[in-house]
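Peer 1: Data: target-v3.tsv, TSV, C-alpha atoms.
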```
chain	number	residue	atom	x	y	z
A	153	MET	CA	0.00	0.00	0.00
A	154	GLY	CA	2.84	2.37	0.80
A	155	THR	CA	4.68	3.81	-2.12
A	156	PHE	CA	8.27	4.10	-0.97
A	157	HIS	CA	10.63	2.67	1.64
A	158	ASN	CA	9.24	-0.84	1.76
A	159	ASP	CA	11.66	-1.66	4.58
A	160	LYS	CA	9.48	0.45	6.87
A	161	GLY	CA	6.42	-1.71	6.41
A	162	GLU	CA	3.54	-1.59	3.98
A	163	LEU	CA	1.78	1.15	5.94
A	164	HIS	CA	4.65	3.60	5.59
A	165	GLY	CA	3.26	6.95	4.48
A	166	ILE	CA	-0.32	5.96	5.26
A	167	THR	CA	-2.41	7.64	7.94
A	168	VAL	CA	-3.36	4.95	10.43
A	169	TYR	CA	-5.17	4.49	13.70
A	170	ALA	CA	-4.51	2.16	16.57
A	171	GLN	CA	-5.93	1.69	20.04
A	172	SER	CA	-4.35	0.90	23.36
A	173	GLY	CA	-6.80	0.58	26.23
A	174	ASN	CA	-8.91	3.73	26.38
A	175	THR	CA	-6.58	5.67	24.05
A	176	VAL	CA	-6.75	6.03	20.29
A	177	TYR	CA	-3.78	7.17	18.22
A	178	VAL	CA	-4.04	8.62	14.72
A	179	GLY	CA	-1.09	9.67	12.64
A	180	ARG	CA	0.92	9.13	9.50
A	181	CYS	CA	2.80	5.86	9.82
A	182	ASP	CA	6.52	6.05	9.39
A	183	VAL	CA	7.56	2.65	10.73
A	184	LEU	CA	5.55	-0.35	11.83
A	185	ASP	CA	7.45	-3.45	12.88
A	186	ASP	CA	7.37	-5.99	15.70
A	187	GLU	CA	8.73	-3.48	18.18
A	188	ARG	CA	7.21	-0.10	17.49
A	189	LEU	CA	4.80	2.08	15.64
A	190	VAL	CA	6.26	5.44	14.69
A	191	LEU	CA	3.72	8.12	13.81
A	192	HIS	CA	4.18	11.61	12.39
A	193	ASP	CA	1.70	14.47	12.80
A	194	ALA	CA	-0.25	12.45	15.34
A	195	ASP	CA	-3.29	13.05	17.47
A	196	VAL	CA	-4.34	11.23	20.62
A	197	HIS	CA	-7.85	10.75	21.95
A	198	VAL	CA	-8.43	9.45	25.46
A	199	GLU	CA	-11.75	8.29	26.83
A	200	GLY	CA	-12.20	9.31	30.45
A	201	PRO	CA	-14.07	7.39	33.17
A	202	ASN	CA	-17.35	8.73	31.77
A	203	GLY	CA	-16.60	7.19	28.39
A	204	LEU	CA	-15.98	10.55	26.75
A	205	GLY	CA	-12.87	12.46	25.77
A	206	GLU	CA	-12.17	16.13	26.37
A	207	ASP	CA	-14.13	16.86	23.21
A	208	GLU	CA	-17.21	15.13	24.64
A	209	ARG	CA	-16.87	12.35	22.07
A	210	THR	CA	-16.34	8.66	22.50
A	211	ASN	CA	-13.35	7.11	20.79
A	212	GLU	CA	-15.68	5.75	18.12
A	213	GLN	CA	-17.21	9.17	17.48
A	214	TYR	CA	-13.76	10.71	17.38
A	215	LEU	CA	-12.59	8.16	14.82
A	216	GLN	CA	-15.64	8.68	12.65
A	217	ARG	CA	-14.94	12.40	12.48
A	218	ALA	CA	-11.21	11.84	11.98
A	219	ALA	CA	-11.95	9.50	9.10
A	220	ARG	CA	-13.99	12.17	7.34
A	221	PHE	CA	-11.84	15.23	7.89
A	222	GLY	CA	-8.49	14.21	9.38
A	223	VAL	CA	-7.02	15.23	12.73
A	224	TRP	CA	-5.47	18.28	14.30
A	225	LYS	CA	-1.99	17.14	15.15
A	226	LYS	CA	-0.81	17.29	18.75
A	227	HIS	CA	2.53	15.57	18.26
A	228	ASP	CA	5.08	15.89	15.48
A	229	LEU	CA	6.36	12.42	16.37
A	230	LEU	CA	5.07	9.55	18.50
A	231	VAL	CA	6.85	6.25	19.11
A	232	LEU	CA	4.54	3.58	20.52
A	233	PRO	CA	5.41	0.04	21.66
A	234	ALA	CA	3.77	-2.30	19.18
A	235	ALA	CA	3.10	-4.94	21.81
A	236	GLU	CA	0.69	-2.63	23.62
A	237	LEU	CA	-1.36	-1.76	20.57
A	238	GLY	CA	-4.31	-3.39	18.94
A	239	PRO	CA	-4.43	-3.73	15.16
A	240	VAL	CA	-2.96	-0.84	13.18
A	241	ARG	CA	-5.23	0.04	10.27
A	242	PRO	CA	-5.49	2.75	7.62
A	243	LEU	CA	-7.79	5.54	8.74
A	244	GLY	CA	-9.27	5.73	5.26
A	245	ASP	CA	-10.57	2.19	5.63
A	246	LEU	CA	-13.23	3.50	8.02
A	247	VAL	CA	-14.68	5.71	5.30
A	248	ARG	CA	-14.33	3.13	2.57
A	249	ALA	CA	-16.00	0.46	4.71
A	250	ALA	CA	-18.89	2.80	5.48
A	251	ALA	CA	-19.26	3.65	1.80
A	252	ALA	CA	-19.27	0.00	0.83
A	253	ARG	CA	-22.09	-1.00	3.17
A	254	PRO	CA	-24.98	0.85	1.49
A	255	ALA	CA	-23.64	-0.16	-1.92
A	256	GLU	CA	-23.91	-3.81	-0.95
A	257	SER	CA	-27.46	-3.40	0.30
A	258	THR	CA	-28.62	-1.57	-2.81
A	259	ALA	CA	-26.85	-3.71	-5.36
A	260	SER	CA	-30.01	-4.01	-7.41
A	261	ALA	CA	-30.82	-0.31	-7.31
A	262	PRO	CA	-30.87	1.50	-10.66
A	263	ALA	CA	-27.53	2.85	-11.71
A	264	ALA	CA	-27.01	6.59	-11.83
A	265	PRO	CA	-28.08	8.16	-15.13
A	266	VAL	CA	-25.43	8.10	-17.79
A	267	ALA	CA	-25.72	11.87	-18.10
A	268	ASP	CA	-24.31	12.22	-14.60
A	269	LEU	CA	-21.42	9.92	-15.20
A	270	ALA	CA	-19.98	10.38	-18.64
A	271	PRO	CA	-19.38	13.84	-19.99
A	272	ALA	CA	-19.65	12.86	-23.63
A	273	ALA	CA	-22.93	11.12	-23.06
A	274	ALA	CA	-24.35	14.00	-21.05
A	275	ASP	CA	-24.97	16.12	-24.09
A	276	GLY	CA	-26.11	13.28	-26.27
A	277	ALA	CA	-22.74	12.96	-27.96
A	278	ALA	CA	-21.93	9.45	-26.74
A	279	ASP	CA	-20.34	8.70	-30.09
A	280	ASP	CA	-17.48	10.97	-29.08
A	281	VAL	CA	-16.44	8.55	-26.35
A	282	VAL	CA	-14.94	5.98	-28.67
A	283	THR	CA	-14.31	5.69	-32.39
A	284	LEU	CA	-13.64	2.45	-34.22
A	285	THR	CA	-11.89	2.54	-37.55
A	286	PRO	CA	-13.61	0.58	-40.33
A	287	GLY	CA	-11.00	-2.16	-39.92
A	288	ALA	CA	-11.61	-2.43	-36.17
A	289	ALA	CA	-15.39	-2.43	-36.60
A	290	ALA	CA	-15.17	-5.16	-39.23
A	291	GLU	CA	-13.02	-7.29	-36.93
A	292	VAL	CA	-15.44	-6.81	-34.03
A	293	ARG	CA	-18.37	-7.82	-36.24
A	294	ARG	CA	-16.47	-10.89	-37.40
A	295	LEU	CA	-15.64	-11.96	-33.86
A	296	LEU	CA	-19.12	-11.23	-32.54
A	297	ALA	CA	-20.65	-13.37	-35.27
A	298	ALA	CA	-18.86	-16.32	-33.72
A	299	GLU	CA	-20.17	-15.55	-30.22
A	300	PRO	CA	-22.75	-18.15	-29.22
A	301	GLU	CA	-24.67	-15.81	-26.89
A	302	PRO	CA	-26.76	-13.08	-28.58
A	303	GLY	CA	-26.89	-9.52	-27.24
A	304	ARG	CA	-23.23	-9.24	-26.49
A	305	GLY	CA	-21.15	-6.25	-27.48
A	306	LEU	CA	-17.63	-4.98	-27.23
A	307	ARG	CA	-16.57	-3.92	-23.77
A	308	LEU	CA	-13.64	-1.52	-23.51
A	309	GLY	CA	-12.13	-0.74	-20.15
A	310	VAL	CA	-9.01	0.08	-18.22
A	311	ALA	CA	-7.31	-1.78	-15.43
A	312	GLY	CA	-4.25	-1.19	-13.34
A	313	GLY	CA	-1.11	-2.80	-14.65
A	314	GLY	CA	1.37	-2.76	-17.46
A	315	CYS	CA	4.64	-0.90	-17.56
A	316	SER	CA	2.90	2.47	-17.92
A	317	GLY	CA	0.39	2.04	-15.11
A	318	LEU	CA	-2.88	1.27	-16.89
A	319	THR	CA	-3.81	-1.37	-19.42
A	320	TYR	CA	-6.63	-1.61	-21.88
A	321	LYS	CA	-9.25	-4.31	-21.48
A	322	VAL	CA	-11.10	-5.64	-24.49
A	323	GLU	CA	-13.73	-8.34	-24.19
A	324	PHE	CA	-17.16	-9.34	-25.37
A	325	ASP	CA	-19.78	-8.83	-22.71
A	326	ARG	CA	-23.40	-7.97	-22.04
A	327	ARG	CA	-24.53	-4.43	-21.21
A	328	ARG	CA	-24.44	-3.60	-17.48
A	329	ASP	CA	-26.27	-0.95	-15.45
A	330	GLY	CA	-24.50	2.39	-15.65
A	331	ASP	CA	-22.61	1.62	-18.82
A	332	VAL	CA	-21.91	4.28	-21.39
A	333	VAL	CA	-23.18	2.73	-24.62
A	334	VAL	CA	-21.92	3.68	-28.04
A	335	ALA	CA	-23.86	2.27	-30.98
A	336	HIS	CA	-21.95	1.11	-34.03
A	337	ASP	CA	-23.14	-0.48	-37.22
A	338	GLY	CA	-24.16	-3.95	-36.13
A	339	PHE	CA	-22.99	-3.90	-32.51
A	340	GLU	CA	-22.68	-1.80	-29.37
A	341	VAL	CA	-19.62	-0.73	-27.37
A	342	PHE	CA	-19.91	-0.67	-23.59
A	343	LEU	CA	-17.74	1.28	-21.15
A	344	ASP	CA	-18.14	1.45	-17.39
A	345	ARG	CA	-18.25	4.91	-15.88
A	346	LYS	CA	-14.64	5.04	-14.74
A	347	SER	CA	-13.25	3.69	-17.96
A	348	ALA	CA	-15.26	6.26	-19.92
A	349	ILE	CA	-13.27	8.99	-18.19
A	350	TYR	CA	-9.93	7.60	-19.32
A	351	LEU	CA	-10.98	6.41	-22.75
A	352	ARG	CA	-13.00	9.39	-23.88
A	353	GLY	CA	-11.97	10.24	-27.40
A	354	ILE	CA	-10.10	6.98	-27.96
A	355	THR	CA	-9.76	5.54	-31.44
A	356	VAL	CA	-9.54	1.78	-31.78
A	357	ASP	CA	-7.89	0.40	-34.88
A	358	HIS	CA	-7.15	-3.13	-35.98
A	359	GLN	CA	-4.20	-4.31	-37.98
A	360	PRO	CA	-4.84	-7.79	-39.35
A	361	GLY	CA	-2.51	-10.47	-40.59
A	362	LEU	CA	0.58	-12.14	-39.26
A	363	THR	CA	2.56	-8.92	-39.25
A	364	GLY	CA	-0.26	-6.81	-37.84
A	365	ARG	CA	-0.56	-6.01	-34.15
A	366	GLY	CA	-4.26	-6.73	-33.63
A	367	PHE	CA	-6.31	-4.05	-31.88
A	368	GLN	CA	-4.48	-0.76	-31.44
A	369	PHE	CA	-5.47	2.20	-29.28
A	370	ARG	CA	-4.93	5.90	-29.82
A	371	ASN	CA	-5.91	7.51	-26.53
A	372	PRO	CA	-5.81	11.33	-26.35
A	373	ASN	CA	-5.84	11.14	-22.54
A	374	ALA	CA	-2.61	9.15	-22.35
A	375	THR	CA	0.44	11.17	-21.36
A	376	ASN	CA	2.74	8.21	-21.75
A	377	THR	CA	2.29	5.01	-23.68
A	378	CYS	CA	4.27	1.81	-23.47
A	379	GLY	CA	6.15	0.83	-26.61
A	380	CYS	CA	3.86	-2.14	-27.14
A	381	GLY	CA	0.82	0.19	-27.03
A	382	GLU	CA	-0.95	-2.00	-24.52
A	383	SER	CA	-0.45	0.12	-21.43
A	384	PHE	CA	-0.58	3.82	-20.80
A	385	ALA	CA	-0.47	6.53	-18.16
A	386	VAL	CA	-2.69	9.58	-17.75
B	768	MET	CA	11.54	24.69	4.41
B	769	PRO	CA	10.38	24.96	0.82
B	770	TYR	CA	11.92	22.73	-1.81
B	771	PRO	CA	13.98	24.31	-4.60
B	772	GLU	CA	11.65	25.86	-7.10
B	773	GLN	CA	13.09	23.88	-10.00
B	774	LEU	CA	12.00	20.67	-8.26
B	775	VAL	CA	8.43	21.73	-7.72
B	776	ALA	CA	7.93	23.60	-10.98
B	777	PRO	CA	6.74	20.45	-12.80
B	778	MET	CA	4.24	19.83	-10.00
B	779	ARG	CA	2.85	23.32	-10.49
B	780	ALA	CA	2.82	22.98	-14.25
B	781	GLU	CA	1.00	19.67	-14.10
B	782	LEU	CA	-2.00	21.58	-12.81
B	783	THR	CA	-1.68	24.98	-14.46
B	784	SER	CA	-1.27	23.38	-17.87
B	785	ALA	CA	-4.66	21.77	-17.31
B	786	GLY	CA	-6.30	25.09	-16.58
B	787	VAL	CA	-6.06	25.09	-12.80
B	788	GLN	CA	-5.50	28.56	-11.39
B	789	GLU	CA	-2.55	28.76	-9.04
B	790	LEU	CA	-2.88	31.05	-6.03
B	791	ARG	CA	0.55	32.04	-4.75
B	792	THR	CA	-0.15	34.95	-2.41
B	793	PRO	CA	-2.71	35.64	0.32
B	794	ALA	CA	-4.12	38.41	-1.84
B	795	GLU	CA	-4.72	36.00	-4.71
B	796	VAL	CA	-6.38	33.60	-2.30
B	797	ASP	CA	-8.62	36.36	-0.94
B	798	ASP	CA	-9.61	37.40	-4.45
B	799	TRP	CA	-10.45	33.81	-5.39
B	800	PHE	CA	-12.55	33.20	-2.30
B	801	ALA	CA	-14.29	36.55	-2.71
B	802	GLN	CA	-15.89	35.24	-5.88
B	803	SER	CA	-17.89	32.76	-3.88
B	804	GLN	CA	-20.94	32.30	-6.09
B	805	GLY	CA	-21.36	28.85	-7.58
B	806	THR	CA	-19.13	25.84	-7.19
B	807	SER	CA	-15.37	25.89	-6.71
B	808	LEU	CA	-12.65	23.35	-6.13
B	809	LEU	CA	-9.37	23.99	-4.34
B	810	LEU	CA	-6.52	21.50	-4.36
B	811	VAL	CA	-3.91	21.91	-1.65
B	812	ASN	CA	-0.91	20.65	-3.58
B	813	SER	CA	2.05	18.92	-1.98
B	814	VAL	CA	5.41	17.45	-2.90
B	815	CYS	CA	4.35	14.20	-1.23
B	816	GLY	CA	4.73	11.47	-3.79
B	817	CYS	CA	2.57	8.99	-1.91
B	818	ALA	CA	-0.57	11.13	-2.11
B	819	ALA	CA	-0.05	14.22	-4.28
B	820	GLY	CA	1.14	11.93	-7.06
B	821	SER	CA	-2.45	10.73	-7.20
B	822	ALA	CA	-4.19	13.98	-6.24
B	823	ARG	CA	-2.94	16.06	-9.17
B	824	PRO	CA	-3.89	13.63	-11.95
B	825	ALA	CA	-7.13	12.90	-10.12
B	826	VAL	CA	-8.16	16.55	-10.28
B	827	LYS	CA	-7.19	16.72	-13.94
B	828	LEU	CA	-9.24	13.62	-14.71
B	829	ALA	CA	-12.22	14.82	-12.73
B	830	MET	CA	-12.15	18.14	-14.58
B	831	GLN	CA	-13.13	16.21	-17.71
B	832	HIS	CA	-16.45	15.34	-16.13
B	833	GLY	CA	-19.55	16.89	-17.66
B	834	LYS	CA	-20.57	18.36	-14.32
B	835	ARG	CA	-17.66	20.11	-12.72
B	836	PRO	CA	-17.00	23.13	-10.52
B	837	ALA	CA	-16.98	26.46	-12.31
B	838	ARG	CA	-13.60	27.38	-10.85
B	839	VAL	CA	-10.63	25.19	-9.96
B	840	ALA	CA	-7.59	26.53	-8.14
B	841	THR	CA	-4.60	25.30	-6.18
B	842	VAL	CA	-2.25	26.41	-3.45
B	843	PHE	CA	1.06	24.68	-2.79
B	844	ALA	CA	1.58	23.55	0.80
B	845	GLY	CA	5.16	23.74	1.99
B	846	GLN	CA	6.04	26.07	-0.88
B	847	ASP	CA	3.68	29.05	-0.90
B	848	LEU	CA	3.31	29.11	2.86
B	849	GLU	CA	1.34	32.30	3.35
B	850	ALA	CA	-1.09	31.56	0.55
B	851	THR	CA	-1.69	28.07	1.90
B	852	ALA	CA	-2.24	29.33	5.44
B	853	ARG	CA	-4.74	31.87	4.19
B	854	ALA	CA	-6.57	29.28	2.11
B	855	ARG	CA	-6.82	26.96	5.10
B	856	GLN	CA	-8.37	29.75	7.12
B	857	LEU	CA	-11.01	30.24	4.46
B	858	ILE	CA	-11.77	26.63	3.57
B	859	GLY	CA	-13.54	25.97	6.84
B	860	ASP	CA	-13.12	24.15	10.11
B	861	VAL	CA	-11.17	21.14	8.89
B	862	PRO	CA	-7.69	20.08	9.99
B	863	PRO	CA	-4.83	21.09	7.70
B	864	SER	CA	-3.97	18.31	5.32
B	865	SER	CA	-1.83	18.13	2.24
B	866	PRO	CA	-2.60	17.15	-0.29
B	867	SER	CA	-6.29	17.68	0.18
B	868	ILE	CA	-9.19	18.75	-1.99
B	869	ALA	CA	-11.97	21.07	-0.91
B	870	MET	CA	-15.15	21.68	-2.84
B	871	LEU	CA	-17.16	24.78	-2.03
B	872	LYS	CA	-20.60	25.90	-3.06
B	873	ASP	CA	-21.51	29.56	-2.63
B	874	GLY	CA	-18.52	29.85	-0.33
B	875	GLU	CA	-19.48	26.95	1.94
B	876	LEU	CA	-17.45	23.76	2.20
B	877	VAL	CA	-19.61	20.94	0.84
B	878	HIS	CA	-17.06	18.20	0.21
B	879	PHE	CA	-13.59	17.56	1.56
B	880	VAL	CA	-11.05	14.93	0.64
B	881	PRO	CA	-8.26	14.84	3.23
B	882	ARG	CA	-4.87	13.38	2.56
B	883	HIS	CA	-5.63	10.04	4.15
B	884	LEU	CA	-8.38	9.38	1.61
B	885	ILE	CA	-5.91	10.02	-1.22
B	886	GLU	CA	-2.81	8.19	-0.02
B	887	GLY	CA	-2.56	4.65	-1.32
B	888	GLN	CA	-5.34	5.27	-3.85
B	889	SER	CA	-4.96	5.51	-7.60
B	890	ALA	CA	-5.73	8.75	-9.40
B	891	GLU	CA	-8.65	6.96	-11.02
B	892	VAL	CA	-10.26	6.10	-7.70
B	893	VAL	CA	-9.83	9.62	-6.32
B	894	ALA	CA	-11.17	11.11	-9.57
B	895	SER	CA	-14.19	8.86	-9.38
B	896	GLU	CA	-14.94	10.03	-5.85
B	897	LEU	CA	-14.60	13.63	-6.98
B	898	THR	CA	-16.95	13.19	-9.90
B	899	ASP	CA	-19.51	11.67	-7.56
B	900	ALA	CA	-19.29	14.90	-5.55
B	901	PHE	CA	-19.53	16.96	-8.74
B	902	ALA	CA	-22.69	15.11	-9.73
B	903	GLN	CA	-24.17	15.87	-6.34
B	904	HIS	CA	-23.21	19.52	-5.97
B	905	CYS	CA	-22.63	20.99	-9.42
```
With the file now loaded, output its structure as structure tokens.
Peer 2:
Amino acid sequence: MGTFHNDKGELHGITVYAQSGNTVYVGRCDVLDDERLVLHDADVHVEGPNGLGEDERTNEQYLQRAARFGVWKKHDLLVLPAAELGPVRPLGDLVRAAAARPAESTASAPAAPVADLAPAAADGAADDVVTLTPGAAAEVRRLLAAEPEPGRGLRLGVAGGGCSGLTYKVEFDRRRDGDVVVAHDGFEVFLDRKSAIYLRGITVDHQPGLTGRGFQFRNPNATNTCGCGESFAV
Amino acid sequence: MPYPEQLVAPMRAELTSAGVQELRTPAEVDDWFAQSQGTSLLLVNSVCGCAAGSARPAVKLAMQHGKRPARVATVFAGQDLEATARARQLIGDVPPSSPSIAMLKDGELVHFVPRHLIEGQSAEVVASELTDAFAQHC
């Protein structure tokens, strides 16, 4: 999870929280090992005998607010004995866990309107999201004709990976809620909302034959592209 | 202590080249906040590679969204100290955090992304969370 200095533990550079008895610590993790937790820019919240801290909040209430807005630091540096601490976890996990709960319970709810999610689709210009050259469209039609399941289209997406950070995903799939849909002659192209951001304006080409390179991508959002053309950065 | 300007210049340019207005003095911050009508976004920039390396491209990506704040600006924490301090006074009652992203509507803070919700996340994830806020407030 941390970006640099792997010798300092995977939480290096991440804002974490940990509890010891009635005390909660929040700070940016420098080192976490078997012996110690070293925090920078740390805050401490202590529940008194009445179950409340000086701010009239319980530790749980304090953590909820800290997870939303951060903490006012009281200590530039804190070194805590690891043996006396409970689990050390990223503070952001509290927000992400809370956000995930309603999503799980409303999994069948209608997706947000496309107009809210994809700028090109918002003004009715969904065709601007992706362009297929005649060669690419012909290849998609040829491949789709061999698909046993009707109603499938071309799904374009991005995923983490590759030597430039992001890779293109190409597959045949059914339409999903929330997709940006681009109609082509004889088939549809589907993009999920996040991918539509990174692929807006992309041109997909296809170079056939033994010396060709298959599907090729020209992405105007890419600031760096791997030599093979299969991964990119934005 | 601020980093040498030649080291941070690319971090400034990454945003200004995308149309983000950079506020380098308290006076520029005051002028920007004085135009409080509508929606605005302020990125507190940072040299931190763990988080600002995602925050800057995230803002650029989110700015491509159909619904977006009318004005987008940035101050540079650790570099333009007085401008950043002034901006933090005006953002609202949230702890200082860099990088962080504040969204305001008619001068009121309506959405805040502190550093700990950026660190460890990809630019794509942060951008997606911003565009959700844009859809709600813009």
Peer 1: Calculated over all atoms listed in the file, which of the candidates B:Pro793, B:Gly887, B:Gly833, B:Gly845 has the smallest distance to Val811 of chain B?
Peer 2: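 The answer is B:Gly845, which sits nearest to Val811 of chain B.
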Peer 1: With a distance threshold of 10 Å and counting all atoms listed in the file, extract the residues of chain B near chain A and express them as a ChimeraX atom specification.
Peer 2: /B:815-818,824-825,827-835,860-864,867,878-892,894-895,898-899,901-903
Peer 1: For Met870 of chain B, list every protein, DNA or RNA residue within 7 Å, evaluated using all atoms listed in the file, and leave out those in the same chain fewer than 3 positions away; present the list as a PyMOL selection string.
Peer 2: chain B and resi 807-809+876-879
Peer 1: Using all atoms listed in the file and a cutoff of 12 Å, can you tell me which residues are near (-13.5, -2.7, -41.8) in the file's coordinates, and write them out as a PyMOL selection string?
Peer 2: chain A and resi 284-294+337+356-360
Peer 1: So how far away is atom CA of Val826 of chain B from atom CA of Val333 of chain A, in Å?
Peer 2: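 Atom CA of Val333 of chain A sits 24.9 Å away from atom CA of Val826 of chain B.
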Peer 1: Please measure the separation of atom CA of Leu237 of chain A and atom CA of Ala170 of chain A, giving the value in Å to one decimal.
Peer 2: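 Separation between atom CA of Leu237 of chain A and atom CA of Ala170 of chain A: 6.4 Å.
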Peer 1: Quick one: residues within 7 Å of segment 787-791 of chain B, only C-alpha atoms, excluding same-chain residues fewer than 5 positions away - as a list of chain:residue names?
Peer 2: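 Near neighbours after the sequence-gap exclusion: B:Leu782, B:Val796, B:Val839, B:Ala840, B:Thr841, B:Val842, B:Asp847, B:Ala850.
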Peer 1: In Å, how far is it from atom CA of Asp325 of chain A to atom CA of Ala297 of chain A?
Peer 2: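 One can read the atom CA of Asp325 of chain A to atom CA of Ala297 of chain A distance as 13.4 Å.
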Peer 1: Name the residues, using the chain letters and numbers of the file, that sit within 6 Å of (-1.9, 19.3, -0.5) when counting only C-alpha atoms, and give them as a ChimeraX atom specification.
Peer 2: /B:811-813,844,865-867
Peer 1: Please provide as a PDB file with C-alpha atoms, in the coordinates of the input all residues within 7 Å of His197 of chain A, with the sequence filter that same-chain residues fewer than 6 positions apart are discarded (counting only C-alpha atoms).
Peer 2:
```pdb
ATOM      1  CA  THR A 175      -6.580   5.670  24.050  1.00  0.00           C
ATOM      2  CA  VAL A 176      -6.750   6.030  20.290  1.00  0.00           C
ATOM      3  CA  TYR A 177      -3.780   7.170  18.220  1.00  0.00           C
ATOM      4  CA  GLY A 205     -12.870  12.460  25.770  1.00  0.00           C
ATOM      5  CA  ASN A 211     -13.350   7.110  20.790  1.00  0.00           C
TER       6      ASN A 211
END
```
Peer 1: I'd like the box whose edges run along x, y and z of the file and which contains every listed atom of segment 203-210 of chain A, padded by 4 Å per side; could you state its centre and edge lengths in Å, one decimal, as AutoDock Vina command-line options?
Peer 2:
```
--center_x -14.7 --center_y 12.0 --center_z 25.2 --size_x 13.0 --size_y 17.7 --size_z 14.3
```
Peer 1: Please provide as an mmCIF file with C-alpha atoms, keeping the file's coordinate frame all residues within 9 Å of Gly805 of chain B, with the sequence filter that same-chain residues fewer than 6 positions apart are discarded (counting all atoms listed in the file).
Peer 2:
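Result file is around.cif:
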```cif
data_model
loop_
_atom_site.group_PDB
_atom_site.id
_atom_site.type_symbol
_atom_site.label_atom_id
_atom_site.label_comp_id
_atom_site.auth_asym_id
_atom_site.auth_seq_id
_atom_site.Cartn_x
_atom_site.Cartn_y
_atom_site.Cartn_z
ATOM 1 C CA PRO B 836 -17.000 23.130 -10.520
ATOM 2 C CA ALA B 837 -16.980 26.460 -12.310
ATOM 3 C CA ARG B 838 -13.600 27.380 -10.850
ATOM 4 C CA LEU B 871 -17.160 24.780 -2.030
ATOM 5 C CA LYS B 872 -20.600 25.900 -3.060
ATOM 6 C CA ASP B 873 -21.510 29.560 -2.630
ATOM 7 C CA GLY B 874 -18.520 29.850 -0.330
ATOM 8 C CA CYS B 905 -22.630 20.990 -9.420
#
```
